[in-house]
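Enquirer: Take a look at this one; I'll ask things after.
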Amino acid sequence: MMNLLPLFIIILAIAFLTSSDSLFYLAYVLGGIGLLTFVWMQHALLGVRSRRRFSAHAFHGEEVTVELDVTNRGRWPLLWLRVHESIPLALHVPNFEHRIVSLAPGEKTTLHYQLNCQRRGYYVLGPLKLETGDLLQLTANKQAVFDAEPFIVYPRVVPLRQLGLPSQLPFGNLPSRQRIFEDPSRFFGVRDYVPGDSLRRINWKSSARLRQLQVKRFQPAIALHTVILLDLNDEAYSLRGRTVGGEIGIVVAASIAAHLIERRQQVGLALLGRDQVTQYTGLQVISPAHGREHLMHILEALARAEMAPTAPLASVLPQANAGLGWGSTAVVISPGESPHLVDSLLQMRRQGFHVMFIATDSQTPFRSLQAKLNQIGIPAYWVTNEREMDVWR
Amino acid sequence: MSQSADTTPKLDWAAFMFRPLLISGMTTCIAASWVMLLEAALGNWRGDYIVGMAALVTLETLIAERQMRIRGQFHSDRLLVRLTELGVMLVVLKLASYLHRGWQALASDMRMLPYQPLSFFDVHFVLGILVVVVLWLLALDIAGLLAELESPGAGPQDRETARNELKNCFGIGAVMLLLPIGLQGLGRTWPVLSIHIAPVNGLTVLPLLYFGLGLVLFGQARLALLQTSWATDGIPVAPGLARRWATWGMMLIGGVIVLALLMPAGSTLVGLYALTWMLWLVATIGQVITSVFVFLLTLLLSPCMLLFQSQQPEGLRPLQPSIQPPPSPPGEARTLLPIQIVAFWVAIVIAIYLILRAYWHNRQMSGVWKTLAQVLREWWRGLLALLRSWRGRVHIRRGRRTEKKPAPVAATPSWWQRWQARTPQERVRRFYLALLDLAAQAGLARRPDQTPYEYAHWLKPHLSEEEDALSTLTQAFVEARYSRRTFEPKEVSLLQRVWQRLRSKLRKR
């Protein structure tokens, strides 16, 4: 670091001793430059603003262009500015984008980079780190960090036939065109609140009495919903099939949801895993609804989902089905056989649900499981089409 | 053909010539300062051609050095070039020395040369050689360092070293520049702390120009270092950054130089006059506003005034400005001079203090600076302690003189204080006052609004196991101070022991 201060003091002292005009001027210049540089650096990054222009959601396989604007709204120019943007490695190689620019007051520079969305997930773009310094290195470099922004890549949606599933599955109410819905005039009890329940259904009096949120239950009227139960409990997967099996499960869930929404059916999601954003681990429920917006909601939840050790699927199935009426369809996507799973599915069947089971773990003994399930009238499928997953290998 | 022509990068002449021009400007300043000195010393000698020669020689040296490095010419090639350079330089210098003497003098000298060969080296030529060759050598050194800074193969460490050596060259140049300027300044004597705007001439401008160019050059060196670091990290750099760096650097330094030239030299008393004028201006504006306000008020109240006109023979008179503009600066305000000088020095000391504080704020000091800071800090603390003790003594003496009150007894009273406390009541009071003194030293000072009992209640938790002693001494003090009770010597002895216990307790804290 260059140091003007000793020089300034020495020259000023000599100037006083000798009354030399030139030395006085020299001292003024050195002092002025030192002072100006100090003030400049104090204010250098105060006026800098950044903005990312991009679509915050992307579908699998898309290429998203991010435009990062860095604007100097301050009154001081930035002689040099190091712009360093951190980017997730899954979206961009290398995992950063950087550049050196100089910005006059009011000037803007834009950094462009592409995100290659080949893997679903919840990502953050940034943080953006800026660094600047002065002309003579009289002061330490100044740094500023700007917030990161979320970016979601939806899971891949493929035609059901591509997954090895029949396209005319007996989902929901297609055959009958009749729907079972809960009639709010036929109240018949309460149950524990699970995430995803509408706040309008909370029974506040019971909640206050039991000191736990309770949700009203109504007797089902005639309507059919489909709920997709996705098991991302990593302890249920085999060691070899864990990574691919979970991803296949997510793709299958997304594809079925999209398939049903296209047919204007109501679809819900019960996801047993962890939310990357909230870090909530357990059962997350999205109530059945229809429409494209709802599909985006489901896809976003699937994008944010990750595998985590949770309670076994069999133990949470009653909770997952709590909001469903008689005759609804439950699509259970699970790695394969697990303790009490068949019993729980049988219980659901007896409660009046149409149950369909899809196994995703390539290492699971599917044939025996399929035989058991077929005996109790539950169709079972095995989706391990790894070719579809080649893209993220 | 056309393809190769397209792919060949165009030479950016501005960037190519910028640094050589800077250094050339700096050496020109040095040459000019020496020429000015020599002209002043030798009378009718004129050496302005030396200044031009110095500029050209530096420029040529720097460009030649760069070109040789680009072409990979080393050792013998370089020596040959340098020798040729020197020879040409001497010949041109010799010829240039006739610019002022005329070509007749050249012809005459040429005729005399075979008979008097040594006449070739006349005074004009030798002086020119001395100045130009010294600057040529300095330029050679700088050229090497500059080439090192710009070399793509040089590592960060090499560049840092080159920059530090460039600083040394700059320092040598500064000494070479300031020496003749200082020698010229010996002839004139300014009165100490005189105020004046210095005439803008070579003596004032040359150092500014030299330092300004030097700072721009250091800015360029910093850019070179940063560029190396960016290239190492593989960071792309936006085009035009170097040009902006140069432009903004020159604007910053040039702007500061222009501002500096507007400031007074010698001392800054002119600033004080300016302040006085500003105060006068503010007062005048205030007065105008007041007059307008009074005028409006008069208009509003004029109907009422008519009623009292008979009782008020004289109407409202307009206010006369009471504040006159201050007298013009120097010459008329001699009496203010001592105050102004003191004010000036105080301002300078404060400015230096603030700059030092800003500089060392959040900065780790080491070595000599750390020691120096510690010594200064110790001096300052010592000075403060001295001032406080002196103030305390003055306060006590003044208190004695005015109120005739006994001063609080110190923890170890002097013989005079012991003699003063000869009555039992007085001794009891002094025990208590000494307690207050000790407690204050221990950070448990009594607030002015606390009564003795309140204070004792507040102090008790801090003197565990001695609560009774504190209550006894407080009670005794209240009786000695506010009642006519007399104390027996036994009681005083007892209270003394109580006080000693409290004292030891307080000292342990």
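The way I read the labels, and the way they are meant: chains A, B, ... in the order of the structure tokens, residue 1 as the first residue of every chain, and ligand 1 as the first ligand shown, with later ones counted on from there.
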When you look at region 474-478 of chain B with a cut-off of 8 Å (counting only C-alpha atoms), what residues show up, excluding the ones that are within fewer than 5 positions of it in the same chain? I need them as a ChimeraX atom specification.

Expert: /B:428-429,432,452-453,456,483

Enquirer: Just the selected residues (all heavy atoms), exported as a tab-separated table (two decimals), in the first residue's frame, please.

Expert:
```tsv
chain	number	residue	atom	x	y	z
B	428	VAL	N	-13.06	13.54	63.30
B	428	VAL	CA	-14.13	12.61	62.89
B	428	VAL	C	-14.61	12.95	61.47
B	428	VAL	O	-14.80	12.09	60.61
B	428	VAL	CB	-15.30	12.66	63.90
B	428	VAL	CG1	-16.50	11.88	63.38
B	428	VAL	CG2	-14.86	12.12	65.26
B	429	ARG	N	-14.77	14.26	61.24
B	429	ARG	CA	-15.20	14.69	59.91
B	429	ARG	C	-14.19	14.26	58.85
B	429	ARG	O	-14.54	13.82	57.75
B	429	ARG	CB	-15.35	16.22	59.87
B	429	ARG	CG	-16.62	16.70	60.54
B	429	ARG	CD	-16.67	18.20	60.52
B	429	ARG	NE	-16.69	18.71	59.16
B	429	ARG	CZ	-16.50	19.99	58.85
B	429	ARG	NH1	-16.27	20.87	59.80
B	429	ARG	NH2	-16.54	20.38	57.61
B	432	TYR	N	-14.35	10.68	57.76
B	432	TYR	CA	-15.44	10.41	56.80
B	432	TYR	C	-15.09	10.95	55.40
B	432	TYR	O	-15.30	10.29	54.38
B	432	TYR	CB	-16.74	11.05	57.29
B	432	TYR	CG	-17.92	10.74	56.40
B	432	TYR	CD1	-18.54	9.49	56.45
B	432	TYR	CD2	-18.40	11.67	55.50
B	432	TYR	CE1	-19.60	9.18	55.62
B	432	TYR	CE2	-19.46	11.38	54.66
B	432	TYR	CZ	-20.06	10.13	54.72
B	432	TYR	OH	-21.10	9.84	53.89
B	452	PRO	N	-25.57	11.61	53.47
B	452	PRO	CA	-24.65	10.61	54.04
B	452	PRO	C	-25.32	9.26	54.26
B	452	PRO	O	-24.73	8.22	53.99
B	452	PRO	CB	-24.21	11.25	55.35
B	452	PRO	CG	-24.32	12.71	55.10
B	452	PRO	CD	-25.49	12.88	54.20
B	453	TYR	N	-26.57	9.30	54.75
B	453	TYR	CA	-27.25	8.02	55.02
B	453	TYR	C	-27.57	7.28	53.71
B	453	TYR	O	-27.42	6.07	53.61
B	453	TYR	CB	-28.54	8.26	55.81
B	453	TYR	CG	-28.27	8.73	57.23
B	453	TYR	CD1	-28.84	9.89	57.73
B	453	TYR	CD2	-27.44	7.98	58.07
B	453	TYR	CE1	-28.58	10.32	59.02
B	453	TYR	CE2	-27.17	8.41	59.37
B	453	TYR	CZ	-27.74	9.57	59.83
B	453	TYR	OH	-27.49	9.99	61.09
B	456	ALA	N	-24.44	5.82	52.44
B	456	ALA	CA	-24.04	4.63	53.22
B	456	ALA	C	-24.89	3.42	52.80
B	456	ALA	O	-24.38	2.31	52.63
B	456	ALA	CB	-24.21	4.91	54.70
B	483	SER	N	-24.32	18.49	64.62
B	483	SER	CA	-24.79	18.69	66.01
B	483	SER	C	-23.66	19.31	66.83
B	483	SER	O	-22.55	19.51	66.31
B	483	SER	CB	-25.20	17.34	66.61
B	483	SER	OG	-24.05	16.59	66.93
```

Enquirer: Listing only residues of chain B within 6 Å of chain A, what is the closest atom pair and its distance in Å (to one decimal) for each, using only C-alpha atoms, sorted by chain and residue number ascending, as a Markdown table?

Expert:
```
| residue | atom | partner | partner_atom | distance |
| --- | --- | --- | --- | --- |
| B:Thr204 | CA | A:Ser22 | CA | 4.3 |
| B:Leu208 | CA | A:Leu26 | CA | 5.8 |
| B:Gly219 | CA | A:Leu136 | CA | 5.1 |
| B:Ile235 | CA | A:Arg99 | CA | 5.5 |
| B:Pro236 | CA | A:Arg99 | CA | 5.2 |
| B:Val237 | CA | A:Ile100 | CA | 4.6 |
| B:Ala238 | CA | A:Val101 | CA | 5.1 |
| B:Val256 | CA | A:Val29 | CA | 5.9 |
| B:Ile257 | CA | A:Val29 | CA | 5.7 |
| B:Ala260 | CA | A:Tyr28 | CA | 5.5 |
| B:Ala265 | CA | A:Asp21 | CA | 5.3 |
| B:Gly266 | CA | A:Ser19 | CA | 5.4 |
```

Enquirer: Quick one: of A:Ile286, A:Leu260, A:Leu299, A:Ala253, who's nearest to Val194 (chain A), counting only C-alpha atoms?

Expert: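 Counting only C-alpha atoms, the residue closest to Val194 (chain A) is A:Ile286.
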
Enquirer: Run DSSP on the backbone of this structure and report the residues of region 211-336 of chain A it assigns to strand (DSSP E), as an MDAnalysis selection string.

Expert: chainID A and resid 214:220 226:231 267:275 281:289 305:306 329:334

Enquirer: Any chance you can output those residues with N, CA and C atoms as a short mmCIF file (atom, residue, chain, number, x, y, z; two decimals), in the first residue's frame?

Expert:
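See selection-v9.cif below for the written result:
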```
data_model
loop_
_atom_site.label_atom_id
_atom_site.label_comp_id
_atom_site.auth_asym_id
_atom_site.auth_seq_id
_atom_site.Cartn_x
_atom_site.Cartn_y
_atom_site.Cartn_z
N GLN A 214 -56.68 -28.09 15.17
CA GLN A 214 -57.60 -29.15 14.74
C GLN A 214 -58.34 -28.68 13.49
N VAL A 215 -58.60 -29.61 12.61
CA VAL A 215 -59.26 -29.28 11.35
C VAL A 215 -60.60 -30.03 11.30
N LYS A 216 -61.58 -29.33 10.79
CA LYS A 216 -62.92 -29.94 10.71
C LYS A 216 -62.93 -31.04 9.64
N ARG A 217 -63.69 -32.06 9.91
CA ARG A 217 -63.90 -33.12 8.92
C ARG A 217 -65.37 -33.14 8.55
N PHE A 218 -65.60 -33.32 7.29
CA PHE A 218 -66.98 -33.36 6.82
C PHE A 218 -67.25 -34.71 6.16
N GLN A 219 -68.49 -35.08 6.16
CA GLN A 219 -68.85 -36.33 5.49
C GLN A 219 -68.71 -36.15 3.98
N PRO A 220 -68.18 -37.14 3.33
CA PRO A 220 -67.98 -36.99 1.90
C PRO A 220 -69.28 -37.01 1.12
N THR A 226 -57.67 -37.16 -6.58
CA THR A 226 -56.49 -38.02 -6.62
C THR A 226 -55.42 -37.37 -5.77
N VAL A 227 -54.82 -38.15 -4.95
CA VAL A 227 -53.69 -37.64 -4.19
C VAL A 227 -52.48 -38.52 -4.50
N ILE A 228 -51.37 -37.83 -4.69
CA ILE A 228 -50.13 -38.55 -4.99
C ILE A 228 -49.31 -38.58 -3.72
N LEU A 229 -49.01 -39.76 -3.28
CA LEU A 229 -48.22 -39.92 -2.05
C LEU A 229 -46.81 -40.32 -2.44
N LEU A 230 -45.89 -39.40 -2.20
CA LEU A 230 -44.51 -39.66 -2.63
C LEU A 230 -43.63 -39.89 -1.41
N ASP A 231 -42.96 -40.99 -1.42
CA ASP A 231 -42.12 -41.36 -0.28
C ASP A 231 -40.66 -41.04 -0.62
N VAL A 267 -56.00 -32.72 -8.16
CA VAL A 267 -54.86 -33.52 -7.72
C VAL A 267 -54.27 -32.89 -6.47
N GLY A 268 -53.90 -33.76 -5.54
CA GLY A 268 -53.22 -33.30 -4.34
C GLY A 268 -51.89 -34.01 -4.22
N LEU A 269 -51.07 -33.53 -3.31
CA LEU A 269 -49.75 -34.15 -3.14
C LEU A 269 -49.46 -34.30 -1.65
N ALA A 270 -49.02 -35.49 -1.30
CA ALA A 270 -48.53 -35.70 0.07
C ALA A 270 -47.10 -36.19 -0.07
N LEU A 271 -46.20 -35.39 0.43
CA LEU A 271 -44.79 -35.63 0.17
C LEU A 271 -44.07 -35.93 1.48
N LEU A 272 -43.44 -37.05 1.53
CA LEU A 272 -42.72 -37.41 2.75
C LEU A 272 -41.23 -37.24 2.49
N GLY A 273 -40.70 -36.14 2.97
CA GLY A 273 -39.29 -35.84 2.73
C GLY A 273 -38.95 -34.51 3.37
N ARG A 274 -38.00 -33.82 2.79
CA ARG A 274 -37.58 -32.53 3.36
C ARG A 274 -37.77 -31.44 2.32
N ASP A 275 -38.22 -30.28 2.81
CA ASP A 275 -38.31 -29.10 1.96
C ASP A 275 -36.99 -28.34 2.04
N THR A 281 -38.96 -31.32 7.73
CA THR A 281 -38.82 -32.73 7.37
C THR A 281 -40.05 -33.47 7.89
N GLY A 282 -40.70 -34.19 7.01
CA GLY A 282 -41.89 -34.93 7.41
C GLY A 282 -42.89 -34.92 6.28
N LEU A 283 -44.14 -35.01 6.65
CA LEU A 283 -45.19 -35.08 5.65
C LEU A 283 -45.67 -33.67 5.29
N GLN A 284 -45.62 -33.36 4.02
CA GLN A 284 -46.13 -32.07 3.54
C GLN A 284 -47.29 -32.37 2.60
N VAL A 285 -48.38 -31.69 2.86
CA VAL A 285 -49.59 -32.02 2.10
C VAL A 285 -50.06 -30.80 1.31
N ILE A 286 -50.35 -31.02 0.07
CA ILE A 286 -51.00 -29.99 -0.75
C ILE A 286 -52.39 -30.52 -1.08
N SER A 287 -53.39 -29.81 -0.67
CA SER A 287 -54.77 -30.28 -0.85
C SER A 287 -55.11 -30.37 -2.33
N PRO A 288 -56.02 -31.27 -2.67
CA PRO A 288 -56.38 -31.41 -4.09
C PRO A 288 -57.06 -30.17 -4.64
N ALA A 289 -56.66 -29.85 -5.83
CA ALA A 289 -57.28 -28.74 -6.55
C ALA A 289 -56.97 -28.96 -8.02
N ALA A 305 -38.19 -30.57 -3.06
CA ALA A 305 -38.13 -31.75 -2.18
C ALA A 305 -36.77 -32.42 -2.27
N GLU A 306 -36.37 -32.96 -1.17
CA GLU A 306 -35.15 -33.76 -1.16
C GLU A 306 -35.32 -34.92 -0.19
N THR A 329 -58.76 -41.42 -5.32
CA THR A 329 -57.67 -42.29 -5.75
C THR A 329 -56.39 -41.87 -5.05
N ALA A 330 -55.64 -42.83 -4.58
CA ALA A 330 -54.34 -42.55 -3.96
C ALA A 330 -53.28 -43.25 -4.79
N VAL A 331 -52.36 -42.46 -5.30
CA VAL A 331 -51.23 -43.02 -6.06
C VAL A 331 -50.04 -43.02 -5.13
N VAL A 332 -49.64 -44.16 -4.70
CA VAL A 332 -48.54 -44.25 -3.73
C VAL A 332 -47.25 -44.55 -4.50
N ILE A 333 -46.30 -43.59 -4.39
CA ILE A 333 -45.01 -43.78 -5.06
C ILE A 333 -43.97 -44.01 -3.97
N SER A 334 -43.42 -45.18 -3.99
CA SER A 334 -42.53 -45.56 -2.90
C SER A 334 -41.39 -46.41 -3.47
#
```

Enquirer: Would you please work out which residue, of B:Ile23, B:Ile172, B:Val88, B:Met112, is nearest to Leu146 (chain B) when using only C-alpha atoms?

Expert: B:Ile23

Enquirer: Excluding Arg191 (chain A) and residues on its chain fewer than 5 positions from it, collect all residues at most 12 Å away from it, counting only C-alpha atoms, and give them as an NGL selection string.

Expert: :A and (197 or 201-203 or 206-207 or 210 or 212-218 or 318-323)

Enquirer: Keeping only C-alpha atoms, write the selected residues as an mmCIF file, in the first residue's frame.

Expert:
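Listing of result_14.cif after writing:
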```
data_model
loop_
_atom_site.group_PDB
_atom_site.id
_atom_site.type_symbol
_atom_site.label_atom_id
_atom_site.label_comp_id
_atom_site.auth_asym_id
_atom_site.auth_seq_id
_atom_site.Cartn_x
_atom_site.Cartn_y
_atom_site.Cartn_z
ATOM 1 C CA ASP A 197 -54.767 -27.850 5.247
ATOM 2 C CA ARG A 201 -61.088 -25.447 7.895
ATOM 3 C CA ILE A 202 -59.432 -25.001 11.257
ATOM 4 C CA ASN A 203 -61.775 -25.519 14.191
ATOM 5 C CA SER A 206 -61.329 -27.426 19.432
ATOM 6 C CA SER A 207 -57.822 -26.184 18.755
ATOM 7 C CA LEU A 210 -56.792 -29.349 22.855
ATOM 8 C CA GLN A 212 -53.243 -28.176 19.110
ATOM 9 C CA LEU A 213 -54.553 -27.126 15.726
ATOM 10 C CA GLN A 214 -57.604 -29.147 14.737
ATOM 11 C CA VAL A 215 -59.262 -29.284 11.351
ATOM 12 C CA LYS A 216 -62.925 -29.937 10.714
ATOM 13 C CA ARG A 217 -63.897 -33.118 8.918
ATOM 14 C CA PHE A 218 -66.983 -33.358 6.816
ATOM 15 C CA PRO A 318 -53.571 -42.153 7.627
ATOM 16 C CA GLN A 319 -52.475 -38.521 7.951
ATOM 17 C CA ALA A 320 -51.886 -38.224 4.237
ATOM 18 C CA ASN A 321 -55.365 -39.465 3.454
ATOM 19 C CA ALA A 322 -57.058 -37.456 6.164
ATOM 20 C CA GLY A 323 -58.623 -34.921 3.842
#
```

Enquirer: What lies within 8 Å of Gly47 (chain A) using only C-alpha atoms, ignoring chain neighbours under 2 positions off, as a PyMOL selection string?

Expert: chain A and resi 43-45+49+72-75

Enquirer: So that I can check the surroundings of region 113-119 of chain A, please list as a PDB file with N, CA, C and O atoms, in the first residue's frame every protein, DNA and RNA residue that reaches within 6 Å of it, counting only C-alpha atoms and ignoring chain neighbours fewer than 3 positions away.

Expert:
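As written to disk, selection-v3.pdb reads:
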```
ATOM      1  N   HIS A  60     -37.498 -28.217 -16.652  1.00  0.00           N
ATOM      2  CA  HIS A  60     -36.335 -29.067 -16.852  1.00  0.00           C
ATOM      3  C   HIS A  60     -35.886 -29.007 -18.312  1.00  0.00           C
ATOM      4  O   HIS A  60     -36.710 -29.069 -19.223  1.00  0.00           O
ATOM      5  N   GLY A  61     -34.602 -28.834 -18.525  1.00  0.00           N
ATOM      6  CA  GLY A  61     -34.075 -28.812 -19.883  1.00  0.00           C
ATOM      7  C   GLY A  61     -34.039 -27.427 -20.502  1.00  0.00           C
ATOM      8  O   GLY A  61     -33.440 -27.243 -21.559  1.00  0.00           O
ATOM      9  N   GLU A  62     -34.621 -26.457 -19.847  1.00  0.00           N
ATOM     10  CA  GLU A  62     -34.614 -25.102 -20.401  1.00  0.00           C
ATOM     11  C   GLU A  62     -33.247 -24.463 -20.218  1.00  0.00           C
ATOM     12  O   GLU A  62     -32.480 -24.833 -19.329  1.00  0.00           O
ATOM     13  N   GLU A  63     -32.981 -23.446 -21.024  1.00  0.00           N
ATOM     14  CA  GLU A  63     -31.793 -22.616 -20.823  1.00  0.00           C
ATOM     15  C   GLU A  63     -32.278 -21.221 -20.469  1.00  0.00           C
ATOM     16  O   GLU A  63     -33.030 -20.614 -21.235  1.00  0.00           O
ATOM     17  N   VAL A  64     -31.889 -20.768 -19.336  1.00  0.00           N
ATOM     18  CA  VAL A  64     -32.367 -19.469 -18.858  1.00  0.00           C
ATOM     19  C   VAL A  64     -31.211 -18.479 -18.912  1.00  0.00           C
ATOM     20  O   VAL A  64     -30.108 -18.772 -18.451  1.00  0.00           O
ATOM     21  N   THR A  65     -31.481 -17.328 -19.471  1.00  0.00           N
ATOM     22  CA  THR A  65     -30.459 -16.278 -19.516  1.00  0.00           C
ATOM     23  C   THR A  65     -30.682 -15.331 -18.346  1.00  0.00           C
ATOM     24  O   THR A  65     -31.789 -14.845 -18.138  1.00  0.00           O
ATOM     25  N   VAL A  66     -29.628 -15.111 -17.615  1.00  0.00           N
ATOM     26  CA  VAL A  66     -29.706 -14.171 -16.491  1.00  0.00           C
ATOM     27  C   VAL A  66     -28.958 -12.909 -16.893  1.00  0.00           C
ATOM     28  O   VAL A  66     -27.831 -12.970 -17.381  1.00  0.00           O
ATOM     29  N   LEU A  91     -26.028 -25.677 -12.354  1.00  0.00           N
ATOM     30  CA  LEU A  91     -26.641 -24.868 -13.412  1.00  0.00           C
ATOM     31  C   LEU A  91     -25.622 -24.223 -14.333  1.00  0.00           C
ATOM     32  O   LEU A  91     -25.955 -23.817 -15.447  1.00  0.00           O
ATOM     33  N   HIS A  92     -24.409 -24.093 -13.846  1.00  0.00           N
ATOM     34  CA  HIS A  92     -23.426 -23.327 -14.606  1.00  0.00           C
ATOM     35  C   HIS A  92     -22.028 -23.796 -14.239  1.00  0.00           C
ATOM     36  O   HIS A  92     -21.728 -23.984 -13.069  1.00  0.00           O
TER      37      HIS A  92
END
```
